[in-house]
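Notes for the one structure printed next.
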There are 2 protein chains.
Amino acid sequence: MTVTIRDVARASGVHVSTVSRTFSAPHMVNAATRTRVLTVAEELGYRPNRAARALTTGRTHNLGLIVADIANPFFPPLIKAAHSAARQRDYHLFVADTDEEPAAEEELVQAFSKQVDGVVLCSPRSSNKALERLAERVPFVVINRRLRGAATVLMDVGHGARLAVEHLAGLGHTRVALVSGPAGSWTSAEIRTAAEQVPGVELLVIGPNAPTERGGFAAAAKVRDSGVTGVLAYNDLVAIGLIEGLGDLGLSVPEDMSVVGIDDIVPGRLNRPKLTTVAMPTAAAGRLAVDLLIQEVTATTSLETRLVVRDSTAPPR
Amino acid sequence: MTVTIRDVARASGVHVSTVSRTFSAPHMVNAATRTRVLTVAEELGYRPNRAARALTTGRTHNLGLIVADIANPFFPPLIKAAHSAARQRDYHLFVADTDEEPAAEEELVQAFSKQVDGVVLCSPRSSNKALERLAERVPFVVINRRLRGAATVLMDVGHGARLAVEHLAGLGHTRVALVSGPAGSWTSAEIRTAAEQVPGVELLVIGPNAPTERGGFAAAAKVRDSGVTGVLAYNDLVAIGLIEGLGDLGLSVPEDMSVVGIDDIVPGRLNRPKLTTVAMPTAAAGRLAVDLLIQEVTATTSLETRLVVRDSTAPPR
DNA sequence: TTCAAGACTGCAAACAGTTGCACTAAACCT
DNA sequence: AGGTTTAGTGCAACTGTTTGCAGTCTTGAA
């Protein structure tokens, strides 16, 4: 049925341990026998069984990646980059989706624990307590959340928010609204404190809002009534929804209102007007997270964000 | 370090085989001992090691999912649904990205083979020969490609294309362009033959084109010059690019030109004008594929598509 | 009372690899 | 020539779990 190390050993006239070594420690075996074993293995179509290997070595060469929602456009570039980095080092990647439920996070990590060498958690919602408990079971790195003692990769959304507001200020806007995100969000707080520090603009916070297109749409009237001329939205989806909502109220972007989003997701690039936004280095974050995991270094990194100016911002009327 | 079945056995005063059975064949063990074992296991934080289990049973409770490009908006909903279906049956999901390279497909299936109970291949590009070779190594189901002898789930894009053209005809369009996809694509061929069969409209094929926004953008001039009043695009990205290209040429959608896409990806829903499109049942396909895999049935299913009418189509001038 | 049939549980051999240790030969040093 | 290193290979125990087989103990029926 399935060809094992023993079959190869028999067919090439050596002991299983020699076959094992030609794959996992090639320098320990004589060049001649090595090539013989390799050709025999090739002929037989032998491939080492990673699960069996894991049993003795303790290393599975698998990684886990847990996100809140695979279908949220923010994540796929991150997943893709993580996968690519993993493949480069001959690791396989489990991907899981919590459907935004904190409980699922914990459950998934537990379920993965024996089968992976580590897991990367994107913006985990679990409590610090829960995460500390998990840390004993399996190494992990956290993306977009501060956590003492764990490897962390942050995206400096605060800096990006500041750039965005400065951009608006530079265009001449003096009253700017922040259409914020959900209540307890770390990101939302970061954005707010950074945005407030820009001199020369009065910042009005509108929210909390659902971090979705609907959330933005629903906030349109409040934005109109607030008398601002520019808006920084919690993310691109909110920005897109807001633009649509403003359109329904007869306001057009960027003529009547400047709008900048955050994340730089694909739909924002394709939208009309094309969205000015803060680009989050999601691909870099994904790649870096798996590198940290594989190299077992526990560092905390902060990745730079940048402003991408497109068509949804202009000087005020 | 890690707590094994032996630790549980010792702590609860039974043999390892009893512990094993309380997890994998609970009805074979006395209710009293079962609960005792379970509580001890709980206390110790024991979780069965799936890799070790796989070694004897041959079933890993893992599945693989291979797509061409995780970041292509077409796939994430499929991945999400596949993941959810897998989780429901307590399976874990490896996700992999071929970066559009056929060779990677084969390599990935090989690499997965010992570690999964099956893999789902989305629109594989490998030759039939290669796929048949792979079929000997691991069960798989194919999405969006016909393959004798393999379990298959198809999305009836032909039917969708016909609906789209009929929709245009119903609005009064008599000359319609098909902005087609890449040369060898199965989907592209399906769309074309179906679209050609609609009575009362003259179909003009423009292409082949890259299946991207740029491809659509680049085709704008040809569409304008062709004298058609309606367009069916290979997919939503092409449609979005086309709409933008037409805009640059001074034509607005849907007033001057009706455009319908295919796929119903998120950016199309958010775009302005909102895209009329053929909705592909990607989520259903993902879910079904893993169900087929788990139940080991080899059937070929064709999933229905439907037309979603939004704002990018209207009667001709 | 005896026997057969269950219901549980223990024993030990798998599963597919890895790895510390021991052994053999050849190569290297004085 | 004799002793020591070194390269290469084999042996066997071990990883965590499953499972066919056999044994024990109860229970029910004759």
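Residues are named by chain letter and number: chains run A, B, ... in the order of the structure tokens, numbers start at 1 in each chain, and ligands are numbered from 1 in the order shown.
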### Message
Taking only C-alpha atoms (C1' of nucleotides) into account, find every residue of chain C that has an atom no more than 9 Å from chain B, and write it out as a ChimeraX atom specification.
### Response
/C:7-10,14-16
Just-selected residues, C-alpha atoms (C1' of nucleotides) written as a CSV table (one decimal), in the first residue's frame:
chain,number,residue,atom,x,y,z
C,7,DA,C1',-19.6,-6.6,29.5
C,8,DC,C1',-15.2,-4.8,30.8
C,9,DT,C1',-10.5,-4.5,30.9
C,10,DG,C1',-5.6,-5.7,30.3
C,14,DA,C1',1.6,-2.9,15.6
C,15,DC,C1',2.1,2.1,13.1
C,16,DA,C1',6.6,4.9,10.6
### Message
Need the shell around Leu147 of chain B: protein/DNA/RNA residues with any atom at most 10 Å away, counting only C-alpha atoms (C1' of nucleotides). Skip same-chain ones fewer than 4 positions apart. Format as an MDAnalysis selection string?
### Response
chainID B and resid 128 131:132 141:143 151:152 300
### Task
Select all residues from chain D having any atom no more than 10 Å from an atom of chain B (counting only C-alpha atoms (C1' of nucleotides), ignoring ligands), output as a ChimeraX atom specification.
/D:15-19
### Query
Would you list which chain A residues are within 8 Å of chain B using only C-alpha atoms, as a PyMOL selection string?
chain A and resi 49-52+54-55+69-71+73+76-77+79-80+83-84+92-97+114-115+240+266-268+270-272
Next, the residues of the selection above should be written as an mmCIF file, in the first residue's frame with N, CA and C atoms.
data_model
loop_
_atom_site.group_PDB
_atom_site.id
_atom_site.type_symbol
_atom_site.label_atom_id
_atom_site.label_comp_id
_atom_site.auth_asym_id
_atom_site.auth_seq_id
_atom_site.Cartn_x
_atom_site.Cartn_y
_atom_site.Cartn_z
ATOM 1 N N ASN A 49 7.009 10.092 6.154
ATOM 2 C CA ASN A 49 5.747 10.392 6.810
ATOM 3 C C ASN A 49 5.993 11.383 7.944
ATOM 4 N N ARG A 50 5.532 12.608 7.710
ATOM 5 C CA ARG A 50 5.845 13.657 8.678
ATOM 6 C C ARG A 50 5.227 13.413 10.033
ATOM 7 N N ALA A 51 4.063 12.815 10.032
ATOM 8 C CA ALA A 51 3.392 12.593 11.316
ATOM 9 C C ALA A 51 4.216 11.629 12.163
ATOM 10 N N ALA A 52 4.711 10.601 11.512
ATOM 11 C CA ALA A 52 5.524 9.626 12.243
ATOM 12 C C ALA A 52 6.812 10.283 12.726
ATOM 13 N N ALA A 54 7.220 13.327 13.429
ATOM 14 C CA ALA A 54 6.896 14.250 14.513
ATOM 15 C C ALA A 54 6.854 13.519 15.854
ATOM 16 N N LEU A 55 6.443 12.276 15.784
ATOM 17 C CA LEU A 55 6.268 11.517 17.015
ATOM 18 C C LEU A 55 7.568 11.439 17.818
ATOM 19 N N ASP A 69 -11.825 36.178 10.409
ATOM 20 C CA ASP A 69 -12.752 35.979 9.302
ATOM 21 C C ASP A 69 -11.990 35.921 7.988
ATOM 22 N N ILE A 70 -11.864 34.729 7.469
ATOM 23 C CA ILE A 70 -11.102 34.545 6.238
ATOM 24 C C ILE A 70 -11.634 35.414 5.109
ATOM 25 N N ALA A 71 -12.947 35.609 5.096
ATOM 26 C CA ALA A 71 -13.555 36.318 3.975
ATOM 27 C C ALA A 71 -13.455 37.838 4.108
ATOM 28 N N PRO A 73 -11.729 41.057 3.608
ATOM 29 C CA PRO A 73 -10.656 41.349 2.642
ATOM 30 C C PRO A 73 -9.333 41.746 3.283
ATOM 31 N N PRO A 76 -6.891 37.982 3.587
ATOM 32 C CA PRO A 76 -6.275 37.121 2.568
ATOM 33 C C PRO A 76 -4.835 37.462 2.186
ATOM 34 N N PRO A 77 -4.489 38.753 2.027
ATOM 35 C CA PRO A 77 -3.076 39.011 1.707
ATOM 36 C C PRO A 77 -2.149 38.540 2.815
ATOM 37 N N ILE A 79 -2.731 36.006 4.880
ATOM 38 C CA ILE A 79 -2.686 34.550 4.820
ATOM 39 C C ILE A 79 -1.754 34.104 3.700
ATOM 40 N N LYS A 80 -1.895 34.758 2.575
ATOM 41 C CA LYS A 80 -1.085 34.373 1.424
ATOM 42 C C LYS A 80 0.404 34.522 1.735
ATOM 43 N N HIS A 83 1.563 31.903 4.157
ATOM 44 C CA HIS A 83 1.700 30.616 3.480
ATOM 45 C C HIS A 83 2.993 30.554 2.690
ATOM 46 N N SER A 84 3.251 31.619 1.967
ATOM 47 C CA SER A 84 4.442 31.619 1.129
ATOM 48 C C SER A 84 5.714 31.514 1.976
ATOM 49 N N HIS A 92 4.029 23.429 6.435
ATOM 50 C CA HIS A 92 2.653 23.497 5.953
ATOM 51 C C HIS A 92 1.840 24.343 6.905
ATOM 52 N N LEU A 93 0.755 24.889 6.365
ATOM 53 C CA LEU A 93 0.002 25.861 7.140
ATOM 54 C C LEU A 93 -1.458 25.450 7.313
ATOM 55 N N PHE A 94 -1.859 25.274 8.569
ATOM 56 C CA PHE A 94 -3.281 25.151 8.868
ATOM 57 C C PHE A 94 -3.864 26.554 8.934
ATOM 58 N N VAL A 95 -5.026 26.738 8.328
ATOM 59 C CA VAL A 95 -5.673 28.035 8.439
ATOM 60 C C VAL A 95 -7.017 27.835 9.132
ATOM 61 N N ALA A 96 -7.334 28.723 10.041
ATOM 62 C CA ALA A 96 -8.604 28.590 10.746
ATOM 63 C C ALA A 96 -9.254 29.943 10.931
ATOM 64 N N ASP A 97 -10.538 29.900 11.082
ATOM 65 C CA ASP A 97 -11.394 31.072 11.110
ATOM 66 C C ASP A 97 -12.204 30.980 12.395
ATOM 67 N N LYS A 114 -1.024 19.886 19.362
ATOM 68 C CA LYS A 114 -0.161 18.730 19.160
ATOM 69 C C LYS A 114 0.300 18.594 17.716
ATOM 70 N N GLN A 115 -0.329 19.370 16.863
ATOM 71 C CA GLN A 115 -0.097 19.121 15.454
ATOM 72 C C GLN A 115 0.742 20.189 14.768
ATOM 73 N N ILE A 240 -15.955 53.136 2.672
ATOM 74 C CA ILE A 240 -16.752 52.898 1.473
ATOM 75 C C ILE A 240 -18.237 53.052 1.762
ATOM 76 N N VAL A 266 -8.424 45.539 -1.229
ATOM 77 C CA VAL A 266 -8.654 45.565 -2.671
ATOM 78 C C VAL A 266 -9.894 46.367 -3.074
ATOM 79 N N PRO A 267 -11.033 46.151 -2.420
ATOM 80 C CA PRO A 267 -12.210 46.899 -2.852
ATOM 81 C C PRO A 267 -12.005 48.410 -2.812
ATOM 82 N N GLY A 268 -11.176 48.877 -1.920
ATOM 83 C CA GLY A 268 -10.902 50.303 -1.860
ATOM 84 C C GLY A 268 -10.132 50.790 -3.068
ATOM 85 N N LEU A 270 -10.379 49.510 -5.967
ATOM 86 C CA LEU A 270 -11.231 49.418 -7.145
ATOM 87 C C LEU A 270 -12.411 50.374 -7.079
ATOM 88 N N ASN A 271 -12.699 50.857 -5.887
ATOM 89 C CA ASN A 271 -13.865 51.698 -5.695
ATOM 90 C C ASN A 271 -13.742 52.996 -6.489
ATOM 91 N N ARG A 272 -14.891 53.620 -6.698
ATOM 92 C CA ARG A 272 -14.839 54.935 -7.284
ATOM 93 C C ARG A 272 -15.539 55.886 -6.352
#
### DSSP strand (DSSP E) residues within segment 136-215 of chain B, listed as number ranges by chain
B: 140-143, 151-155, 175-179, 202-206
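When the distance limit is 6 Å and only C-alpha atoms (C1' of nucleotides) are what count, the residues near Val308 of chain B, minus those fewer than 3 positions from it on the same chain, are Thr276, Thr277 and Val278 of chain B.
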### Query
For Ala233 of chain A, which residue out of A:Val176, A:Ala289, A:Ala68, A:Ala284 is the nearest one, using only C-alpha atoms?
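Of A:Val176, A:Ala289, A:Ala68, A:Ala284, the one nearest Ala233 of chain A is A:Val176, counting only C-alpha atoms.
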### Task
Give me the residues within 10 Å of segment 20-27 of chain C as an NGL selection string, counting only C-alpha atoms (C1' of nucleotides) and dropping any in the same chain fewer than 4 places off.
:D and (5-13)
Could you please take those selected residues and save N, CA and C atoms (P, O5', C5', C4', C3', O3' and C1' of nucleotides) as a PDB file, in the first residue's frame?
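Output file part-v9.pdb follows:
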ATOM      1  P    DT D   5      42.203   9.451  20.712  1.00  0.00           P
ATOM      2  O5'  DT D   5      41.411   9.853  19.372  1.00  0.00           O
ATOM      3  C5'  DT D   5      42.042  10.742  18.444  1.00  0.00           C
ATOM      4  C4'  DT D   5      41.586  10.397  17.044  1.00  0.00           C
ATOM      5  C3'  DT D   5      40.157  10.816  16.700  1.00  0.00           C
ATOM      6  O3'  DT D   5      40.232  11.904  15.811  1.00  0.00           O
ATOM      7  C1'  DT D   5      40.753   8.723  15.751  1.00  0.00           C
ATOM      8  P    DT D   6      38.907  12.790  15.488  1.00  0.00           P
ATOM      9  O5'  DT D   6      38.275  12.004  14.248  1.00  0.00           O
ATOM     10  C5'  DT D   6      39.111  11.628  13.152  1.00  0.00           C
ATOM     11  C4'  DT D   6      38.297  10.822  12.168  1.00  0.00           C
ATOM     12  C3'  DT D   6      36.819  11.189  12.134  1.00  0.00           C
ATOM     13  O3'  DT D   6      36.436  11.337  10.792  1.00  0.00           O
ATOM     14  C1'  DT D   6      37.061   8.868  12.361  1.00  0.00           C
ATOM     15  P    DA D   7      35.122  12.104  10.361  1.00  0.00           P
ATOM     16  O5'  DA D   7      34.570  11.124   9.238  1.00  0.00           O
ATOM     17  C5'  DA D   7      35.488  10.397   8.424  1.00  0.00           C
ATOM     18  C4'  DA D   7      34.792   9.158   7.897  1.00  0.00           C
ATOM     19  C3'  DA D   7      33.304   9.369   7.594  1.00  0.00           C
ATOM     20  O3'  DA D   7      33.049   8.764   6.339  1.00  0.00           O
ATOM     21  C1'  DA D   7      33.557   7.566   9.078  1.00  0.00           C
ATOM     22  P    DG D   8      31.657   8.902   5.614  1.00  0.00           P
ATOM     23  O5'  DG D   8      30.971   7.556   6.092  1.00  0.00           O
ATOM     24  C5'  DG D   8      31.434   6.348   5.514  1.00  0.00           C
ATOM     25  C4'  DG D   8      30.760   5.191   6.198  1.00  0.00           C
ATOM     26  C3'  DG D   8      29.227   5.186   6.074  1.00  0.00           C
ATOM     27  O3'  DG D   8      28.882   4.002   5.370  1.00  0.00           O
ATOM     28  C1'  DG D   8      29.914   4.664   8.266  1.00  0.00           C
ATOM     29  P    DT D   9      27.432   3.793   4.806  1.00  0.00           P
ATOM     30  O5'  DT D   9      26.802   2.869   5.914  1.00  0.00           O
ATOM     31  C5'  DT D   9      27.305   1.550   6.060  1.00  0.00           C
ATOM     32  C4'  DT D   9      26.871   0.982   7.383  1.00  0.00           C
ATOM     33  C3'  DT D   9      25.365   0.808   7.560  1.00  0.00           C
ATOM     34  O3'  DT D   9      25.050  -0.552   7.280  1.00  0.00           O
ATOM     35  C1'  DT D   9      26.482   1.477   9.567  1.00  0.00           C
ATOM     36  P    DG D  10      23.541  -1.088   7.370  1.00  0.00           P
ATOM     37  O5'  DG D  10      23.517  -1.637   8.864  1.00  0.00           O
ATOM     38  C5'  DG D  10      24.457  -2.638   9.251  1.00  0.00           C
ATOM     39  C4'  DG D  10      24.253  -3.004  10.707  1.00  0.00           C
ATOM     40  C3'  DG D  10      22.821  -3.390  11.081  1.00  0.00           C
ATOM     41  O3'  DG D  10      22.884  -4.524  11.940  1.00  0.00           O
ATOM     42  C1'  DG D  10      23.535  -1.619  12.453  1.00  0.00           C
ATOM     43  P    DC D  11      21.543  -5.335  12.317  1.00  0.00           P
ATOM     44  O5'  DC D  11      21.289  -4.920  13.834  1.00  0.00           O
ATOM     45  C5'  DC D  11      22.396  -4.888  14.714  1.00  0.00           C
ATOM     46  C4'  DC D  11      21.952  -4.439  16.092  1.00  0.00           C
ATOM     47  C3'  DC D  11      20.506  -4.809  16.462  1.00  0.00           C
ATOM     48  O3'  DC D  11      20.525  -5.362  17.759  1.00  0.00           O
ATOM     49  C1'  DC D  11      20.846  -2.482  16.728  1.00  0.00           C
ATOM     50  P    DA D  12      19.249  -6.128  18.321  1.00  0.00           P
ATOM     51  O5'  DA D  12      18.548  -4.972  19.164  1.00  0.00           O
ATOM     52  C5'  DA D  12      19.371  -4.198  20.025  1.00  0.00           C
ATOM     53  C4'  DA D  12      18.555  -3.083  20.635  1.00  0.00           C
ATOM     54  C3'  DA D  12      17.096  -3.445  20.921  1.00  0.00           C
ATOM     55  O3'  DA D  12      16.736  -2.743  22.089  1.00  0.00           O
ATOM     56  C1'  DA D  12      17.137  -1.594  19.528  1.00  0.00           C
ATOM     57  P    DA D  13      15.613  -3.278  23.050  1.00  0.00           P
ATOM     58  O5'  DA D  13      15.259  -1.926  23.801  1.00  0.00           O
ATOM     59  C5'  DA D  13      16.316  -1.030  24.125  1.00  0.00           C
ATOM     60  C4'  DA D  13      15.822   0.396  23.978  1.00  0.00           C
ATOM     61  C3'  DA D  13      14.397   0.610  24.497  1.00  0.00           C
ATOM     62  O3'  DA D  13      14.365   1.838  25.182  1.00  0.00           O
ATOM     63  C1'  DA D  13      14.538   1.345  22.291  1.00  0.00           C
TER      64       DA D  13
END
#### Entry: Selection: 9 Å around His159 of chain B, only C-alpha atoms (C1' of nucleotides), excl. self and same-chain fewer than 5 positions, as a PyMOL selection string
chain B and resi 164+190-191+194-195+304-306
Generate a file of the selected residues that holds C-alpha atoms, formatted as a PDB file, in the first residue's frame.
ATOM      1  CA  ALA B 164     -26.966  37.285 -18.068  1.00  0.00           C
ATOM      2  CA  GLU B 190     -18.373  27.360 -21.053  1.00  0.00           C
ATOM      3  CA  ILE B 191     -19.422  30.971 -20.921  1.00  0.00           C
ATOM      4  CA  ALA B 194     -23.794  29.252 -23.477  1.00  0.00           C
ATOM      5  CA  ALA B 195     -23.907  32.932 -24.337  1.00  0.00           C
ATOM      6  CA  GLU B 304     -26.707  26.334  -9.777  1.00  0.00           C
ATOM      7  CA  THR B 305     -25.730  29.939 -10.434  1.00  0.00           C
ATOM      8  CA  ARG B 306     -28.060  32.892 -10.427  1.00  0.00           C
TER       9      ARG B 306
END
### Query
Residues at most 12 Å from DG3 of chain D, counting only C-alpha atoms (C1' of nucleotides), excluding those fewer than 4 positions away in the same chain, as a list in words?
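Neighbouring residues, sequence-local ones excluded: DC28, DC29 and DT30 of chain C.
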### Task
Could you find all residues in segment 183-222 of chain A that DSSP calls helix (DSSP H, G or I) from the backbone, and write them as a list in words?
Trp186, Thr187, Ser188, Ala189, Glu190, Ile191, Arg192, Thr193, Ala194, Ala195, Glu196, Glu213, Arg214, Gly215, Gly216, Phe217, Ala218, Ala219, Ala220, Ala221 and Lys222 of chain A
